[in-house]
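One structure is given below, encoded as C-alpha cells.
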Amino acid sequence: MRRWGRGGALRHSRLQFVLAVAAIATAVALPVVLVSVGGGVSAHELANLENAGYQIVVSASGIHGITYAHNWTKNILAIPGVTAASPVLSVTIDAFTPKGAVTPVLAEGIIPDQFGPSLGPAEQGLFPSPLPLGDPTDLVHFANGTYDGPATYDLLVSSPYADEYHVGVGEKLVLSPTTNRSLGTTYTVTGSFGVPPSVLGPTGAFAVLLPLSDLQTLTGFAVRAAVATDAADTIQISVAGSVSTSPAALDHVRARVQALFPYYGVSSLTQEAQQLEAATGVLTGFYLALSSVGISIGLLFLALVLLRRVEAGRRSIGIRRALGVPSKSIAGEILGGGAAIAGLGAAVGVAAGYLIVEALAAWATSAVQEAARLAVFEPVLLAELVVGIVSLSLLAGAVATRSALRIEITEALR
Amino acid sequence: MNRAAAPLIELAQVTRTYGQGSADEVRALRGIDLRIEPGEFLSVAGPSGCGKTTLLNLLGLLDSPTSGEVRWNGEPVGHRTDRVRARMRLEGVGFIFQRFYLLPTLTARENVELPMRALRVPHGDRTRRAGRLLEEVGLTGREKAFPHQLSGGEEQRVAVARALANEPGLLLADEPTGELDSGNTQAILALLEKVRRDHAASLVVVTHNPDVARRAHRHITMRDGAVLEDRREG
C-alpha cells in the first residue's frame, strides 16, 4: 500500500491489492450464498413444522404403506390427549374437465372432520371450514371396511387448478387412475382451497381433496378380498394443548401410538425438528468445507501477493531495519496489511453474497427464486466467517513476514 | 574495565570474511583495531573494495564481525541478538547514506519521524521535533514534500535530519556527498559539521572526497581490509 509503492510500482501494487481482495471476496461469497439460502430454507421448514396443526406423525415405508388406516385412526383417537388423527393418502391421478381437458393432479384422500384440526394456523386460512365434503367421518361410505355405503362424490379443487381450467362449484370432474376416462368416476366440485408455498416438497399446485375411502376405491387401495389394505401414507395426530406444550407428555402419547404398531415410524414433530436442525448443521458444515477450497486458494493468492510486496519493498524494509525499526513493527505492518486485505475481501464477499442472493430472489427460476427469498443472513455467522478469514490471513502473512525478516540489511542497501 | 574511561566505540582485532570456507571467500576486514572517542570527527578513505563500508556496517551494528570484538561504551555488542542491536541502532546511531535511502512513499517530515515512531515518541513531540530538525537543515516549508519532489541536496538534508531524530551519539555517513554537486556538497559538509558540534555526536564519514576528508579531525586510510594510516590533525 502506501508504504510500499511509487509510480508504476504503486499502480502494480494497487492491482495486486485489488486482485487479492477480489480473490478473497469470491471465496467468501460462495459460503455466504450457500449458508444463507440453505439456512433460510431450513428455518422456513422448521417454522412450518412448528406451526403444523399436528404434533405426531405415523409413517410407513413403501408406497401407501399404512394399512387399516381407518381402524388405526379409531384406535389412536382412543388414546387420552389425542384430539385428532388424520390419515392422508396421496396419489397422482388424471382429472378430466367437462370441456374435455385432462391433466394429472395430486389427489389427497382424507377424513374431513379429522383433517381440519390437523391444519396449522397458516394452513387453516387456505381451506373452507368446515370442509364442504359430505360424510365428514368417512364412515358412511367406508362402512366398516366394506365400502358398501353410499359415496358422496364430493370434491374440493385447488384454486390454481380451478383458475387454470375455469372449474367452479357445482361442476363435474372425472377422476381416473389412468388416462382412460371411461375408467374414471365423476365427482361434483363443492369448493376450493389455496395451496401453501413449499420449497422442499412438491408444490401440488394442481390438487384435489376428497374423502379417503373414495380415493381408496378409485385407486385400488381399498380393502379387497385378497389384499389387506385400506391404505394411507401418513396419519397426522393432533394432541391437546397441555400435551403439546409438555415434551414428556408428548413423548408419552408418541410412545402409546408407537405401541399400537411397532413396525411403523412414529415421530413427534419435536424430533423431526431436531433432525432437521441436525441435518442443517451437517449441511452448513458441508457448505463451509466445500467453500474452504475456494478460501484456501484465496489465502494462497494473498500469501503470494504479500510475498511479492515484500520482494518489491526489500530496500524499504532494509532501510527501516537499518534505522532500528523493530522486527515486530515490520512484522505487524505486513500482518496488518494482510489482515486488512483479507478483512476487506471478506466484507466485500459478504456484500457480494448478499447481492447474489437478492439477484436470485429477483430474477432466478421459480424454485431457486423461492429458496433465495427465504435466505437468512445470520450476523453472528457472517461475523465469524469474516473473523475466521482474517485469522487465517495471519498464516498467509506469516510467510511474507518470515521472508521480510530474513532480508540481510547490508544486502538490501547495496 | 573502567567504563568511565571507555571509548564510545572500540573495535578489537575485528575481521569480517564473506563466504567463509567457500571458493569465493572474501576477507573484507583483517584484524582492525580502532577506538572512537565521543565528539570525534573521523574520515575513512581508501580505494574501492578496501573495506570502508564493511567497517561502517560493523560500527553501526548492521553487521557482525567474523572474529574480534566490537564494544560500545566498553560493552561487547558485536554478537548481540538482532533485536538488541536494532534497539541500539535506533537509540544510538544515525545513518546517512550515499543514495539517501529515504522511504519514497513518506513525506520529508514522515521520513524524519520514522525513527521516533519506532521509539514510540508521542505524536505531538515527534511532529515538533521533526519540524525543528527540518528547519535546522534548511528545509522549512518542504515538510510535506515527497522524496521525488526534492532535489538531491534536499534529500540528503532530510536524511541528515532523520539521522539526528533520536539524538544519537554516533553519526555514520557513507559517501554522503557522493551523489551531490559541489554546491550541495559544501552545504552538506557545513551542515554535518554544525550538527556534530551542536549535537555533540561523533561523526564517521566514509569518503573519497578530499574536501570532506579535510574537515575531519582524524583521518583513517584503509587498504586491503586493514588500516594503513590513522592520523590526527594537530
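A note on labels: chains of the C-alpha cells are A, B, ... as shown, every chain counts residues from 1, and ligands are counted from 1 in their shown order.
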
For segment 342-350 of chain A, work out the shell of residues within 7 Å, counting only C-alpha atoms and skipping chain neighbours fewer than 5 positions away, then give it as an mmCIF file with C-alpha atoms, in the first residue's frame.
data_model
loop_
_atom_site.group_PDB
_atom_site.id
_atom_site.type_symbol
_atom_site.label_atom_id
_atom_site.label_comp_id
_atom_site.auth_asym_id
_atom_site.auth_seq_id
_atom_site.Cartn_x
_atom_site.Cartn_y
_atom_site.Cartn_z
ATOM 1 C CA VAL A 21 -9.337 -8.506 -2.363
ATOM 2 C CA ALA A 22 -11.285 -9.935 -5.319
ATOM 3 C CA ILE A 24 -10.873 -13.374 -1.036
ATOM 4 C CA ALA A 25 -14.264 -11.836 -1.847
ATOM 5 C CA THR A 26 -15.021 -14.547 -4.401
ATOM 6 C CA VAL A 28 -16.273 -15.727 0.769
ATOM 7 C CA ALA A 29 -19.314 -15.022 -1.422
ATOM 8 C CA VAL A 32 -22.425 -16.704 2.217
ATOM 9 C CA VAL A 386 -15.005 -12.675 8.434
ATOM 10 C CA ILE A 389 -10.774 -15.304 7.194
ATOM 11 C CA VAL A 390 -8.847 -12.506 8.924
ATOM 12 C CA SER A 393 -4.777 -14.336 6.722
#

**Q.** In segment 160-207 of chain B, DSSP strand (DSSP E) residues written as a list in words
**A.**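 Residues meeting the strand (DSSP E) criterion: Leu170, Leu171, Leu172, Ala173, Asp174, Ser202, Leu203, Val204, Val205 and Val206 of chain B.
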
Generate the output file for the selected residues, N, CA and C atoms, as a PDB file, in the first residue's frame.
ATOM      1  N   LEU B 170      26.383   8.693  17.796  1.00  0.00           N
ATOM      2  CA  LEU B 170      27.287   8.369  16.686  1.00  0.00           C
ATOM      3  C   LEU B 170      26.559   8.570  15.360  1.00  0.00           C
ATOM      4  N   LEU B 171      27.175   9.399  14.503  1.00  0.00           N
ATOM      5  CA  LEU B 171      26.636   9.589  13.148  1.00  0.00           C
ATOM      6  C   LEU B 171      27.569   8.887  12.172  1.00  0.00           C
ATOM      7  N   LEU B 172      27.001   8.039  11.331  1.00  0.00           N
ATOM      8  CA  LEU B 172      27.797   7.314  10.343  1.00  0.00           C
ATOM      9  C   LEU B 172      27.337   7.739   8.965  1.00  0.00           C
ATOM     10  N   ALA B 173      28.256   8.220   8.164  1.00  0.00           N
ATOM     11  CA  ALA B 173      27.895   8.706   6.832  1.00  0.00           C
ATOM     12  C   ALA B 173      28.744   7.981   5.792  1.00  0.00           C
ATOM     13  N   ASP B 174      28.064   7.357   4.840  1.00  0.00           N
ATOM     14  CA  ASP B 174      28.768   6.607   3.798  1.00  0.00           C
ATOM     15  C   ASP B 174      28.688   7.399   2.499  1.00  0.00           C
ATOM     16  N   SER B 202      29.686  11.938  17.758  1.00  0.00           N
ATOM     17  CA  SER B 202      30.846  11.518  16.972  1.00  0.00           C
ATOM     18  C   SER B 202      30.395  11.350  15.536  1.00  0.00           C
ATOM     19  N   LEU B 203      31.292  11.649  14.601  1.00  0.00           N
ATOM     20  CA  LEU B 203      30.918  11.563  13.190  1.00  0.00           C
ATOM     21  C   LEU B 203      31.995  10.776  12.445  1.00  0.00           C
ATOM     22  N   VAL B 204      31.560   9.713  11.793  1.00  0.00           N
ATOM     23  CA  VAL B 204      32.474   8.921  10.969  1.00  0.00           C
ATOM     24  C   VAL B 204      31.985   9.014   9.537  1.00  0.00           C
ATOM     25  N   VAL B 205      32.843   9.530   8.680  1.00  0.00           N
ATOM     26  CA  VAL B 205      32.457   9.726   7.288  1.00  0.00           C
ATOM     27  C   VAL B 205      33.364   8.896   6.394  1.00  0.00           C
ATOM     28  N   VAL B 206      32.743   8.017   5.634  1.00  0.00           N
ATOM     29  CA  VAL B 206      33.497   7.296   4.609  1.00  0.00           C
ATOM     30  C   VAL B 206      33.440   8.138   3.349  1.00  0.00           C
TER      31      VAL B 206
END

Q: Fewer than 5 positions away in the same chain doesn't count, so skip those; otherwise give me all residues within 12 Å of segment 48-56 of chain B, counting only C-alpha atoms, as JSON, numbers by chain.
A: {"A": [410, 411, 413, 414], "B": [9, 10, 11, 14, 15, 16, 17, 18, 26, 27, 28, 29, 30, 31, 32, 33, 34, 42, 43, 61, 62, 63, 64, 65, 66, 70, 93, 94, 95, 96, 97, 98, 170, 171, 172, 173, 174, 175, 203, 204, 205, 206, 207, 208, 220, 221, 222, 223, 224, 225, 226, 227, 228]}

**Q.** Nearest-residue call for Asp211 of chain B, choices B:Asn73, B:Arg197, B:Gly183, B:Gly92, using only C-alpha atoms
**A.** B:Gly183

**Q.** Interatomic distance, atom CA of Thr105 of chain B to atom CA of Phe301 of chain A (Å, one decimal)
**A.**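 Taking atom CA of Thr105 of chain B as the start and atom CA of Phe301 of chain A as the end point, the length is 24.9 Å.
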
Q. How many Å lie between atom CA of Gly138 of chain B and atom CA of Leu323 of chain A, rounded to one decimal?
A.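 Between these atoms lies a distance of 22.4 Å.
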
Using only C-alpha atoms, determine which residues of chain B fall within 7 Å of chain A; present them as a PDB file with C-alpha atoms, in the first residue's frame.
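The file below, iface_35.pdb, is the result:
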ATOM      1  CA  LEU B  62      24.392  -3.521  10.790  1.00  0.00           C
ATOM      2  CA  ARG B  83      16.619  -7.292  18.393  1.00  0.00           C
ATOM      3  CA  ALA B  86      18.279  -2.918  16.321  1.00  0.00           C
ATOM      4  CA  ARG B  87      17.407  -1.174  19.560  1.00  0.00           C
ATOM      5  CA  ARG B  89      20.979   1.405  16.382  1.00  0.00           C
ATOM      6  CA  LEU B  90      17.657   3.093  16.961  1.00  0.00           C
ATOM      7  CA  TYR B 101      17.589   5.996   1.217  1.00  0.00           C
ATOM      8  CA  LEU B 103      11.332   5.985   2.065  1.00  0.00           C
ATOM      9  CA  PRO B 104       9.714   7.092  -1.204  1.00  0.00           C
ATOM     10  CA  THR B 105       6.132   6.992  -0.027  1.00  0.00           C
ATOM     11  CA  PRO B 115      12.951   6.601  13.982  1.00  0.00           C
ATOM     12  CA  ALA B 118       9.845   3.306  16.287  1.00  0.00           C
TER      13      ALA B 118
END

When DSSP is applied to the backbone of this structure, which of segment 7-151 of chain B are assigned helix (DSSP H, G or I)? Write them out as a PDB file with N, CA and C atoms, in the first residue's frame.
ATOM      1  N   LYS B  52      35.888  -0.101   3.564  1.00  0.00           N
ATOM      2  CA  LYS B  52      35.363   1.083   4.265  1.00  0.00           C
ATOM      3  C   LYS B  52      33.900   0.874   4.699  1.00  0.00           C
ATOM      4  N   THR B  53      33.082   0.438   3.726  1.00  0.00           N
ATOM      5  CA  THR B  53      31.653   0.270   4.045  1.00  0.00           C
ATOM      6  C   THR B  53      31.449  -0.860   5.050  1.00  0.00           C
ATOM      7  N   THR B  54      32.260  -1.917   4.929  1.00  0.00           N
ATOM      8  CA  THR B  54      32.160  -3.020   5.898  1.00  0.00           C
ATOM      9  C   THR B  54      32.477  -2.506   7.297  1.00  0.00           C
ATOM     10  N   LEU B  55      33.517  -1.646   7.377  1.00  0.00           N
ATOM     11  CA  LEU B  55      33.877  -1.062   8.673  1.00  0.00           C
ATOM     12  C   LEU B  55      32.702  -0.255   9.229  1.00  0.00           C
ATOM     13  N   LEU B  56      32.094   0.537   8.344  1.00  0.00           N
ATOM     14  CA  LEU B  56      30.966   1.366   8.774  1.00  0.00           C
ATOM     15  C   LEU B  56      29.794   0.495   9.251  1.00  0.00           C
ATOM     16  N   ASN B  57      29.535  -0.597   8.513  1.00  0.00           N
ATOM     17  CA  ASN B  57      28.442  -1.502   8.898  1.00  0.00           C
ATOM     18  C   ASN B  57      28.688  -2.121  10.270  1.00  0.00           C
ATOM     19  N   LEU B  58      29.959  -2.427  10.567  1.00  0.00           N
ATOM     20  CA  LEU B  58      30.276  -3.008  11.876  1.00  0.00           C
ATOM     21  C   LEU B  58      30.158  -1.960  12.976  1.00  0.00           C
ATOM     22  N   LEU B  59      30.619  -0.741  12.676  1.00  0.00           N
ATOM     23  CA  LEU B  59      30.493   0.333  13.671  1.00  0.00           C
ATOM     24  C   LEU B  59      29.021   0.608  13.980  1.00  0.00           C
ATOM     25  N   ASP B  82      19.752  -9.763  17.071  1.00  0.00           N
ATOM     26  CA  ASP B  82      19.260  -8.764  16.117  1.00  0.00           C
ATOM     27  C   ASP B  82      18.387  -7.723  16.815  1.00  0.00           C
ATOM     28  N   ARG B  83      17.548  -8.200  17.725  1.00  0.00           N
ATOM     29  CA  ARG B  83      16.619  -7.292  18.393  1.00  0.00           C
ATOM     30  C   ARG B  83      17.378  -6.256  19.227  1.00  0.00           C
ATOM     31  N   VAL B  84      18.384  -6.732  19.946  1.00  0.00           N
ATOM     32  CA  VAL B  84      19.147  -5.820  20.801  1.00  0.00           C
ATOM     33  C   VAL B  84      19.930  -4.826  19.941  1.00  0.00           C
ATOM     34  N   ARG B  85      20.542  -5.344  18.881  1.00  0.00           N
ATOM     35  CA  ARG B  85      21.337  -4.446  18.033  1.00  0.00           C
ATOM     36  C   ARG B  85      20.440  -3.434  17.319  1.00  0.00           C
ATOM     37  N   ALA B  86      19.222  -3.859  16.948  1.00  0.00           N
ATOM     38  CA  ALA B  86      18.279  -2.918  16.321  1.00  0.00           C
ATOM     39  C   ALA B  86      17.944  -1.800  17.301  1.00  0.00           C
ATOM     40  N   ARG B  87      17.736  -2.175  18.551  1.00  0.00           N
ATOM     41  CA  ARG B  87      17.407  -1.174  19.560  1.00  0.00           C
ATOM     42  C   ARG B  87      18.586  -0.207  19.767  1.00  0.00           C
ATOM     43  N   MET B  88      19.804  -0.759  19.776  1.00  0.00           N
ATOM     44  CA  MET B  88      20.986   0.094  19.962  1.00  0.00           C
ATOM     45  C   MET B  88      21.166   1.040  18.772  1.00  0.00           C
ATOM     46  N   ARG B  89      20.894   0.533  17.571  1.00  0.00           N
ATOM     47  CA  ARG B  89      20.979   1.405  16.382  1.00  0.00           C
ATOM     48  C   ARG B  89      19.957   2.528  16.483  1.00  0.00           C
ATOM     49  N   LEU B  90      18.746   2.124  16.896  1.00  0.00           N
ATOM     50  CA  LEU B  90      17.657   3.093  16.961  1.00  0.00           C
ATOM     51  C   LEU B  90      17.989   4.222  17.940  1.00  0.00           C
ATOM     52  N   GLU B  91      18.568   3.847  19.066  1.00  0.00           N
ATOM     53  CA  GLU B  91      18.811   4.846  20.110  1.00  0.00           C
ATOM     54  C   GLU B  91      20.166   5.539  19.969  1.00  0.00           C
ATOM     55  N   GLY B  92      21.124   4.837  19.329  1.00  0.00           N
ATOM     56  CA  GLY B  92      22.477   5.379  19.424  1.00  0.00           C
ATOM     57  C   GLY B  92      23.169   5.753  18.132  1.00  0.00           C
ATOM     58  N   ALA B 108       8.798  14.281   3.666  1.00  0.00           N
ATOM     59  CA  ALA B 108      10.046  14.619   4.350  1.00  0.00           C
ATOM     60  C   ALA B 108       9.864  14.514   5.863  1.00  0.00           C
ATOM     61  N   ARG B 109       8.747  15.072   6.356  1.00  0.00           N
ATOM     62  CA  ARG B 109       8.524  15.040   7.807  1.00  0.00           C
ATOM     63  C   ARG B 109       8.345  13.597   8.283  1.00  0.00           C
ATOM     64  N   GLU B 110       7.577  12.811   7.532  1.00  0.00           N
ATOM     65  CA  GLU B 110       7.340  11.427   7.954  1.00  0.00           C
ATOM     66  C   GLU B 110       8.640  10.618   7.957  1.00  0.00           C
ATOM     67  N   ASN B 111       9.510  10.914   6.993  1.00  0.00           N
ATOM     68  CA  ASN B 111      10.810  10.235   6.987  1.00  0.00           C
ATOM     69  C   ASN B 111      11.601  10.570   8.242  1.00  0.00           C
ATOM     70  N   VAL B 112      11.555  11.839   8.630  1.00  0.00           N
ATOM     71  CA  VAL B 112      12.298  12.250   9.830  1.00  0.00           C
ATOM     72  C   VAL B 112      11.662  11.648  11.083  1.00  0.00           C
ATOM     73  N   GLU B 113      10.343  11.514  11.039  1.00  0.00           N
ATOM     74  CA  GLU B 113       9.632  10.978  12.207  1.00  0.00           C
ATOM     75  C   GLU B 113       9.830   9.473  12.385  1.00  0.00           C
ATOM     76  N   LEU B 114      10.254   8.807  11.297  1.00  0.00           N
ATOM     77  CA  LEU B 114      10.284   7.342  11.317  1.00  0.00           C
ATOM     78  C   LEU B 114      11.031   6.747  12.526  1.00  0.00           C
ATOM     79  N   PRO B 115      12.271   7.182  12.802  1.00  0.00           N
ATOM     80  CA  PRO B 115      12.951   6.601  13.982  1.00  0.00           C
ATOM     81  C   PRO B 115      12.247   6.938  15.293  1.00  0.00           C
ATOM     82  N   MET B 116      11.613   8.100  15.340  1.00  0.00           N
ATOM     83  CA  MET B 116      10.914   8.479  16.570  1.00  0.00           C
ATOM     84  C   MET B 116       9.651   7.637  16.757  1.00  0.00           C
ATOM     85  N   ARG B 117       8.997   7.339  15.635  1.00  0.00           N
ATOM     86  CA  ARG B 117       7.819   6.460  15.722  1.00  0.00           C
ATOM     87  C   ARG B 117       8.231   5.111  16.291  1.00  0.00           C
ATOM     88  N   ALA B 118       9.375   4.617  15.809  1.00  0.00           N
ATOM     89  CA  ALA B 118       9.845   3.306  16.287  1.00  0.00           C
ATOM     90  C   ALA B 118      10.146   3.349  17.781  1.00  0.00           C
ATOM     91  N   HIS B 123       3.028  11.568  19.405  1.00  0.00           N
ATOM     92  CA  HIS B 123       2.830  12.206  18.109  1.00  0.00           C
ATOM     93  C   HIS B 123       3.196  13.692  18.114  1.00  0.00           C
ATOM     94  N   GLY B 124       2.692  14.411  19.103  1.00  0.00           N
ATOM     95  CA  GLY B 124       2.941  15.848  19.143  1.00  0.00           C
ATOM     96  C   GLY B 124       4.432  16.152  19.267  1.00  0.00           C
ATOM     97  N   ASP B 125       5.098  15.410  20.131  1.00  0.00           N
ATOM     98  CA  ASP B 125       6.534  15.637  20.355  1.00  0.00           C
ATOM     99  C   ASP B 125       7.324  15.359  19.085  1.00  0.00           C
ATOM    100  N   ARG B 126       6.996  14.263  18.417  1.00  0.00           N
ATOM    101  CA  ARG B 126       7.815  13.923  17.246  1.00  0.00           C
ATOM    102  C   ARG B 126       7.531  14.868  16.080  1.00  0.00           C
ATOM    103  N   THR B 127       6.297  15.356  15.986  1.00  0.00           N
ATOM    104  CA  THR B 127       5.993  16.309  14.916  1.00  0.00           C
ATOM    105  C   THR B 127       6.775  17.604  15.144  1.00  0.00           C
ATOM    106  N   ARG B 128       6.771  18.053  16.386  1.00  0.00           N
ATOM    107  CA  ARG B 128       7.507  19.288  16.706  1.00  0.00           C
ATOM    108  C   ARG B 128       9.005  19.096  16.452  1.00  0.00           C
ATOM    109  N   ARG B 129       9.519  17.959  16.919  1.00  0.00           N
ATOM    110  CA  ARG B 129      10.961  17.726  16.766  1.00  0.00           C
ATOM    111  C   ARG B 129      11.336  17.578  15.287  1.00  0.00           C
ATOM    112  N   ALA B 130      10.505  16.887  14.523  1.00  0.00           N
ATOM    113  CA  ALA B 130      10.784  16.735  13.088  1.00  0.00           C
ATOM    114  C   ALA B 130      10.788  18.096  12.413  1.00  0.00           C
ATOM    115  N   GLY B 131       9.837  18.949  12.795  1.00  0.00           N
ATOM    116  CA  GLY B 131       9.773  20.291  12.218  1.00  0.00           C
ATOM    117  C   GLY B 131      11.029  21.086  12.551  1.00  0.00           C
ATOM    118  N   ARG B 132      11.486  20.949  13.799  1.00  0.00           N
ATOM    119  CA  ARG B 132      12.666  21.697  14.235  1.00  0.00           C
ATOM    120  C   ARG B 132      13.925  21.216  13.495  1.00  0.00           C
ATOM    121  N   LEU B 133      14.012  19.880  13.324  1.00  0.00           N
ATOM    122  CA  LEU B 133      15.183  19.332  12.620  1.00  0.00           C
ATOM    123  C   LEU B 133      15.186  19.745  11.152  1.00  0.00           C
ATOM    124  N   LEU B 134      14.007  19.734  10.537  1.00  0.00           N
ATOM    125  CA  LEU B 134      13.940  20.150   9.127  1.00  0.00           C
ATOM    126  C   LEU B 134      14.282  21.629   8.995  1.00  0.00           C
ATOM    127  N   GLU B 135      13.893  22.393   9.992  1.00  0.00           N
ATOM    128  CA  GLU B 135      14.260  23.811   9.995  1.00  0.00           C
ATOM    129  C   GLU B 135      15.784  23.946  10.127  1.00  0.00           C
ATOM    130  N   GLU B 136      16.352  23.121  10.991  1.00  0.00           N
ATOM    131  CA  GLU B 136      17.792  23.167  11.241  1.00  0.00           C
ATOM    132  C   GLU B 136      18.598  22.843   9.978  1.00  0.00           C
ATOM    133  N   PRO B 147       9.998  12.496  -1.398  1.00  0.00           N
ATOM    134  CA  PRO B 147      11.383  12.477  -1.867  1.00  0.00           C
ATOM    135  C   PRO B 147      11.531  12.797  -3.352  1.00  0.00           C
ATOM    136  N   HIS B 148      10.590  12.299  -4.189  1.00  0.00           N
ATOM    137  CA  HIS B 148      10.750  12.563  -5.623  1.00  0.00           C
ATOM    138  C   HIS B 148      10.489  14.025  -5.972  1.00  0.00           C
ATOM    139  N   GLN B 149       9.969  14.781  -5.013  1.00  0.00           N
ATOM    140  CA  GLN B 149       9.745  16.207  -5.255  1.00  0.00           C
ATOM    141  C   GLN B 149      10.912  17.052  -4.740  1.00  0.00           C
TER     142      GLN B 149
END

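We find atom CA of Asp148 of chain A and atom CA of Val223 of chain A to be spaced 11.2 Å apart.
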
Please provide as a compact mmCIF listing (two decimals) with C-alpha atoms, in the first residue's frame all residues within 12 Å of Val41 of chain A, with the sequence filter that same-chain residues fewer than 4 positions apart are discarded (counting only C-alpha atoms).
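Saved to result_23.txt:
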# COMPACT_ATOMS: atom_id res chain seq x y z
CA LEU A 34 -24.92 -21.39 0.38
CA VAL A 35 -25.26 -20.92 4.10
CA SER A 36 -27.80 -18.09 3.96
CA VAL A 37 -30.07 -19.83 1.43
CA GLU A 45 -39.29 -25.71 7.02
CA LEU A 46 -38.63 -25.65 10.72
CA ALA A 47 -41.20 -22.91 11.13
CA ASN A 48 -43.64 -25.00 9.10
CA PRO A 197 -45.87 -22.36 -0.89
CA SER A 198 -43.43 -25.20 -0.34
CA VAL A 199 -39.75 -25.23 -1.08
CA LEU A 200 -38.56 -28.69 -0.17
CA GLY A 201 -41.61 -30.68 -1.20
CA LEU A 276 -33.91 -31.07 10.58
CA GLU A 277 -31.70 -28.87 12.73
CA THR A 280 -28.99 -28.25 8.67
CA LEU A 283 -25.21 -29.20 5.58
CA THR A 284 -23.77 -25.94 6.87
CA ALA A 367 -37.58 -22.98 -7.20
CA VAL A 368 -34.26 -21.14 -6.85
CA GLN A 369 -36.09 -17.85 -6.56
CA GLU A 370 -38.34 -19.23 -3.84
CA ALA A 371 -35.33 -20.57 -1.93
CA ALA A 372 -33.42 -17.29 -2.32
CA ARG A 373 -36.38 -15.37 -0.95
CA LEU A 374 -36.19 -17.44 2.21
CA ALA A 375 -32.47 -16.71 2.72
CA VAL A 376 -31.50 -15.71 6.23
CA PHE A 377 -28.32 -13.70 6.89

Q: May I have the residues within 9 Å of Arg157 of chain B as a PyMOL selection string, using only C-alpha atoms and disregarding those fewer than 2 positions away in the same chain?
A: chain B and resi 100+134+137-139+152-155+159-162+188+191

Q: For Gln271 of chain A, list every protein, DNA or RNA residue within 12 Å, evaluated using only C-alpha atoms, and leave out those in the same chain fewer than 3 positions away; present the list as JSON, numbers by chain.
A: {"A": [46, 49, 50, 55, 56, 57, 247, 250, 251, 254, 265, 266, 267, 268, 274, 275, 276, 277, 278]}

Dump C-alpha atoms for the selected residues as a PDB file, in the first residue's frame?
ATOM      1  CA  LEU A  46     -38.625 -25.645  10.725  1.00  0.00           C
ATOM      2  CA  LEU A  49     -43.071 -27.913  11.442  1.00  0.00           C
ATOM      3  CA  GLU A  50     -43.505 -25.736  14.496  1.00  0.00           C
ATOM      4  CA  GLN A  55     -47.591 -32.891  16.650  1.00  0.00           C
ATOM      5  CA  ILE A  56     -47.072 -36.602  15.919  1.00  0.00           C
ATOM      6  CA  VAL A  57     -46.863 -38.325  12.576  1.00  0.00           C
ATOM      7  CA  PRO A 247     -42.250 -32.664  25.958  1.00  0.00           C
ATOM      8  CA  LEU A 250     -45.987 -35.539  24.115  1.00  0.00           C
ATOM      9  CA  ASP A 251     -43.415 -38.297  24.204  1.00  0.00           C
ATOM     10  CA  ARG A 254     -45.995 -40.819  20.979  1.00  0.00           C
ATOM     11  CA  GLY A 265     -42.376 -44.985  12.172  1.00  0.00           C
ATOM     12  CA  VAL A 266     -43.868 -42.730  14.812  1.00  0.00           C
ATOM     13  CA  SER A 267     -42.174 -39.433  15.451  1.00  0.00           C
ATOM     14  CA  SER A 268     -43.070 -36.242  17.135  1.00  0.00           C
ATOM     15  CA  GLN A 274     -34.281 -31.761  15.896  1.00  0.00           C
ATOM     16  CA  GLN A 275     -33.426 -33.987  12.955  1.00  0.00           C
ATOM     17  CA  LEU A 276     -33.910 -31.073  10.583  1.00  0.00           C
ATOM     18  CA  GLU A 277     -31.703 -28.870  12.728  1.00  0.00           C
ATOM     19  CA  ALA A 278     -29.046 -31.578  12.857  1.00  0.00           C
TER      20      ALA A 278
END

Q | Distance criterion (only C-alpha atoms): nearest to Ala20 of chain A out of A:Ala396, A:Ala352, A:Leu210, A:Val58 | A | A:Ala396

(Q) Under the rule that only C-alpha atoms are counted, which of B:Ser151, B:Glu193, B:Arg231, B:Asn209 is the nearest residue to Gly46 of chain B? (A)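 Result for the nearest residue to Gly46 of chain B: B:Asn209.
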